[in-house]
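The structure appears below as structure tokens.
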Protein chains: 2
Amino acid sequence: MPPPRAGNKINPSMQDVARQAGVSIATVSNVINRPEKVSQATAVRVRAAIQAMGFVRNEAARSLAVGSTTSIGLVLADLVNSLFADLAHGAQRAANAADMRLLLGNTLCDPEIQDDYLDLFDEARVAGLLLAPMLDSSAGIERMRAHGRQIVLLNYAQAEGLCCTVLVDNEMVGYLAARHLIESGRKRIAFVASLDPFQPIERRREGVERAVAEAGSGVHLEEVDTRGILHEDGLRAAEQLTLRSRENVPDGIVAVTDAIGNGIIQGLLSQGRLRIPTDVGVVGCEDNRYLGTGQIPLTTVSPPGLEMGRVAIELLLEEIAALPGEHQHRTIVLQPTMSVRASSVAGDPDRQLSPA
Amino acid sequence: MPPPRAGNKINPSMQDVARQAGVSIATVSNVINRPEKVSQATAVRVRAAIQAMGFVRNEAARSLAVGSTTSIGLVLADLVNSLFADLAHGAQRAANAADMRLLLGNTLCDPEIQDDYLDLFDEARVAGLLLAPMLDSSAGIERMRAHGRQIVLLNYAQAEGLCCTVLVDNEMVGYLAARHLIESGRKRIAFVASLDPFQPIERRREGVERAVAEAGSGVHLEEVDTRGILHEDGLRAAEQLTLRSRENVPDGIVAVTDAIGNGIIQGLLSQGRLRIPTDVGVVGCEDNRYLGTGQIPLTTVSPPGLEMGRVAIELLLEEIAALPGEHQHRTIVLQPTMSVRASSVAGDPDRQLSPA
DNA sequence: TGACACAAATTAAGCGCTTCAACAAGATCT
DNA sequence: AGATCTTGTTGAAGCGCTTAATTTGTGTCA
């Protein structure tokens, strides 16, 4: 039990502070919200009382009276994925800079939990919402809009014009990855991915195809199908590839995720016939930064997570500030960046590893 | 602009619903909160009105009237670290199971932001708080307690008896890691860590020392100092080690983090003289799961993040439910688990890699 | 000195909900 | 038929705050 303080009431209200300071409740409110309206002397007295009694303003009462909040809700699919953690981070910094608080809801990729959080934030009358889903969420988005709640979509393209959206250019992700391999002399490119009709994968595939097409007839593309997008799927794909005769093994691999990329490297190395990057160059597409720290650092193309979060907040604040009817939904597509590491080129900055 | 719905008011209140359904506002409240008090017929009518008007209960008004919330605040240091993401995940599932909502605040390891979030949740009158900090936070904790807000500490040991606490047994983390190496025949154990006076590191060191002491005089321990706890620090440590004559290189390495462990593996392999795990076995201590997916899978000892989150919620709910003065703070220490992988033993389940 | 402006503090009307005492209208019992 | 319960519904009093309108108390000017 912590000893209760001076005022001896556990949750003193403005009323209590006012009595203690010998002023009216409105004055206490003014001291907190419009100090310029209050004389120095009273302000000091009131602040002393607040301090002494440990007064904490009741946010529920405040936002009820004022009719709005200063919180923004961010509902995202999977915190364990560093891209989402980055989105949250970027959004949070931008929100703080605008003097708003960001509240996080993690859906664990469960549409039901996602709806729960949307409703929770809706009931809390947040100033606005950011949604970074993994699945179609048009129903939820429309529900929020119908309630007059502004919402910005992050990292997922929903039907055009439904709401403001911030995306990474996934076609460019694939394009950069493939072009990098082609520029370093690879001729037999493989795109290793699952066949799921999952937005980012399809865009990346298109980008890879464009890069190969641009390269002309000297460069060939094949697609290697994996069941999923995890480390073990890459491992399996590598096992398949090593069964081939040497001249049929691709010399440049674009893995649709870093997890697959690392699996491929591990699989190829353990088989012991191919050197990386000499014989095979591997490039991943980053969804999760931490998968890039294997013993052969993986070249990767990454979405600008922090910036995406920041831009999303900016769009949201803009929409909130707009006069009713004045707002035009926008979709902002940001460019990925490439980090060249040892899995695709020999030498600097990281070192090369060859099998026994 | 979404077309406004039937009731044509953007945020209808209970008042509006009541009018539309031809009942009193109290009845609407009853339909929502105590349906058994209301006749079938009215309930149906009211629910229809709610549906038609898109009514959403105002949480601020509700919690103001009722004097309490059903939200729990979780303030944590760094979401990008998978242990914290796991804590959040575990806590969230437990909270949902108890019909409470978990709100996340990410402090980015900044004490100021941490205080902001504590105050935010304090003002929001959350039912309770979970705090997973990286630094001493006794001031914040005491402030919350003084305001009568229950708080449970996660993954950080603060002064005894300040509040309920959930920890992983870090001494056991070190002990398990070292004993595993010793049991697989290693004689020259190295503990690679930074010298920072950081709780978990110190505990792990003690555990390693205990395991070595138990092994008797055949096994020796040395400590290798790194500046930090990141990948590059491991890399640097490996470079140092490879300068030694073969018989002075440790044959079993406990890295105080997985990041260091992976760095060491990369460093040793690139130097090309030592095989892993044949010549050197490496074990990490997991703080971040994703650092374990390198091309040589790293044996690691991990805290049970999900369970820690769950237990923290249970402690909190227990404290909330307790009668004033009845509650005794408890500290619960959970045991880590070891995942044996290819960096410490040859063969199954993963494969071994040796340098060129 | 009275009219007027201005600063500082107060009064009071809500914000949208919950809850409880009070009440109406049958149903049930004596 | 009257007393007594039940069941369903409502009126009204807050919850703790904000804020417009108002009052009070100066100082200023003609």
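Each chain of the structure tokens is named A, B, ... in the order shown, its residues numbered from 1; ligands are numbered from 1 in display order.
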All strand (DSSP E or B) positions in region 46-105 of chain A, as a ChimeraX atom specification = /A:71-76,101-105
Can you write out the residues you just picked, keeping N, CA and C atoms, as a PDB file, in the first residue's frame?
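Now in selection_18.pdb:
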```pdb
ATOM      1  N   SER A  71      -6.128  11.391 -29.483  1.00  0.00           N
ATOM      2  CA  SER A  71      -5.477  10.114 -29.757  1.00  0.00           C
ATOM      3  C   SER A  71      -5.766   9.634 -31.169  1.00  0.00           C
ATOM      4  N   ILE A  72      -4.781   8.979 -31.718  1.00  0.00           N
ATOM      5  CA  ILE A  72      -4.947   8.341 -33.014  1.00  0.00           C
ATOM      6  C   ILE A  72      -4.768   6.849 -32.793  1.00  0.00           C
ATOM      7  N   GLY A  73      -5.628   6.057 -33.380  1.00  0.00           N
ATOM      8  CA  GLY A  73      -5.515   4.611 -33.225  1.00  0.00           C
ATOM      9  C   GLY A  73      -4.790   3.998 -34.401  1.00  0.00           C
ATOM     10  N   LEU A  74      -3.819   3.148 -34.105  1.00  0.00           N
ATOM     11  CA  LEU A  74      -3.148   2.416 -35.181  1.00  0.00           C
ATOM     12  C   LEU A  74      -3.444   0.943 -34.990  1.00  0.00           C
ATOM     13  N   VAL A  75      -4.106   0.370 -35.965  1.00  0.00           N
ATOM     14  CA  VAL A  75      -4.456  -1.047 -35.896  1.00  0.00           C
ATOM     15  C   VAL A  75      -3.600  -1.774 -36.910  1.00  0.00           C
ATOM     16  N   LEU A  76      -2.756  -2.670 -36.434  1.00  0.00           N
ATOM     17  CA  LEU A  76      -1.873  -3.338 -37.390  1.00  0.00           C
ATOM     18  C   LEU A  76      -1.859  -4.836 -37.209  1.00  0.00           C
ATOM     19  N   ARG A 101      -1.363  11.525 -29.462  1.00  0.00           N
ATOM     20  CA  ARG A 101      -0.855  10.256 -28.948  1.00  0.00           C
ATOM     21  C   ARG A 101      -1.281   9.143 -29.881  1.00  0.00           C
ATOM     22  N   LEU A 102      -0.379   8.179 -30.043  1.00  0.00           N
ATOM     23  CA  LEU A 102      -0.712   7.036 -30.880  1.00  0.00           C
ATOM     24  C   LEU A 102      -1.021   5.841 -29.992  1.00  0.00           C
ATOM     25  N   LEU A 103      -2.151   5.220 -30.236  1.00  0.00           N
ATOM     26  CA  LEU A 103      -2.494   4.007 -29.510  1.00  0.00           C
ATOM     27  C   LEU A 103      -2.433   2.825 -30.460  1.00  0.00           C
ATOM     28  N   LEU A 104      -1.785   1.759 -30.017  1.00  0.00           N
ATOM     29  CA  LEU A 104      -1.578   0.617 -30.888  1.00  0.00           C
ATOM     30  C   LEU A 104      -2.545  -0.500 -30.586  1.00  0.00           C
ATOM     31  N   GLY A 105      -3.057  -1.112 -31.622  1.00  0.00           N
ATOM     32  CA  GLY A 105      -3.798  -2.353 -31.456  1.00  0.00           C
ATOM     33  C   GLY A 105      -3.205  -3.381 -32.389  1.00  0.00           C
TER      34      GLY A 105
END
```
Each chain B residue no farther than 6 Å from chain C, nearest pair in Å, only C-alpha atoms (C1' of nucleotides), as a Markdown table:
```
| residue | atom | partner | partner_atom | distance |
| --- | --- | --- | --- | --- |
| B:Ala61 | CA | C:DC17 | C1' | 4.8 |
| B:Arg62 | CA | C:DC17 | C1' | 4.9 |
| B:Ala65 | CA | C:DT18 | C1' | 5.5 |
```
Next, dump the selected residues to file, keeping only C-alpha atoms, as a PDB file, in the first residue's frame.
```pdb
ATOM      1  CA  ALA B  61     -19.336   9.022 -21.402  1.00  0.00           C
ATOM      2  CA  ARG B  62     -19.657   5.423 -20.351  1.00  0.00           C
ATOM      3  CA  ALA B  65     -20.555   7.529 -15.637  1.00  0.00           C
TER       4      ALA B  65
END
```
Report as a tab-separated table (two decimals) with C-alpha atoms, in the first residue's frame the set of chain A residues whose atoms approach chain D to within 12 Å, with distances computed over only C-alpha atoms (C1' of nucleotides).
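Wrote it out as iface.tsv, contents follow:
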```tsv
chain	number	residue	atom	x	y	z
A	11	ASN	CA	-8.40	10.34	-7.21
A	12	PRO	CA	-9.03	13.99	-6.45
A	13	SER	CA	-11.21	15.85	-8.92
A	14	MET	CA	-10.99	19.43	-10.07
A	15	GLN	CA	-13.62	20.15	-7.48
A	16	ASP	CA	-11.26	19.01	-4.74
A	25	ILE	CA	-13.52	24.82	-10.57
A	26	ALA	CA	-13.48	26.87	-13.77
A	27	THR	CA	-10.33	28.59	-12.64
A	28	VAL	CA	-8.61	25.27	-12.14
A	29	SER	CA	-9.60	24.31	-15.64
A	30	ASN	CA	-8.23	27.59	-16.93
A	32	ILE	CA	-4.56	23.86	-16.97
A	33	ASN	CA	-5.91	24.81	-20.37
A	34	ARG	CA	-5.64	28.57	-20.79
A	56	VAL	CA	-4.68	13.88	-12.61
A	57	ARG	CA	-7.20	15.20	-15.10
A	58	ASN	CA	-9.85	12.68	-16.05
A	59	GLU	CA	-9.50	12.21	-19.77
A	60	ALA	CA	-12.94	10.66	-20.15
A	61	ALA	CA	-14.57	13.75	-18.68
A	62	ARG	CA	-12.40	16.06	-20.70
A	63	SER	CA	-13.07	14.44	-24.02
A	64	LEU	CA	-16.75	14.12	-23.24
A	65	ALA	CA	-16.98	17.80	-22.52
A	66	VAL	CA	-14.84	18.86	-25.41
A	67	GLY	CA	-16.24	16.37	-27.88
A	68	SER	CA	-12.97	15.14	-29.30
```
Do you know which residues are at most 12 Å from Gly174 (chain A) counting only C-alpha atoms (C1' of nucleotides), after dropping those on the same chain fewer than 2 positions away, and could you put them as a VMD selection string?
-> chain A and resid 168 to 172 176 to 181 189 to 193 200 to 212 253 to 257 283 to 286 300 to 303 335 to 338
From the list A:Glu214, A:Val282, A:Ile10, A:Ala77, which residue is nearest Asp110 (chain A) when using only C-alpha atoms?
->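 With only C-alpha atoms as the atom set, the closest residue is A:Ala77.
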Restricting the calculation to only C-alpha atoms, which member of A:Ala238, A:Val340, A:Val23, A:Ala88 is positioned closest to chain B?
->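 Under the stated criterion, the closest residue is A:Ala88.
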Among listed residues A:Gly325, A:Gly281, A:Pro35, A:Gly216, nearest chain B (using only C-alpha atoms) |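 Smallest separation from chain B among the options: A:Gly325.
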Apply DSSP to the structure's backbone, then extract all residues of region 4-115 of chain B labelled helix (DSSP H, G or I) and return them as a count of residues only.
-> 63
What does the distance from CA of Ala49 (chain A) to CA of Met100 (chain A) come to in Å, to one decimal?
-> 27.2 Å
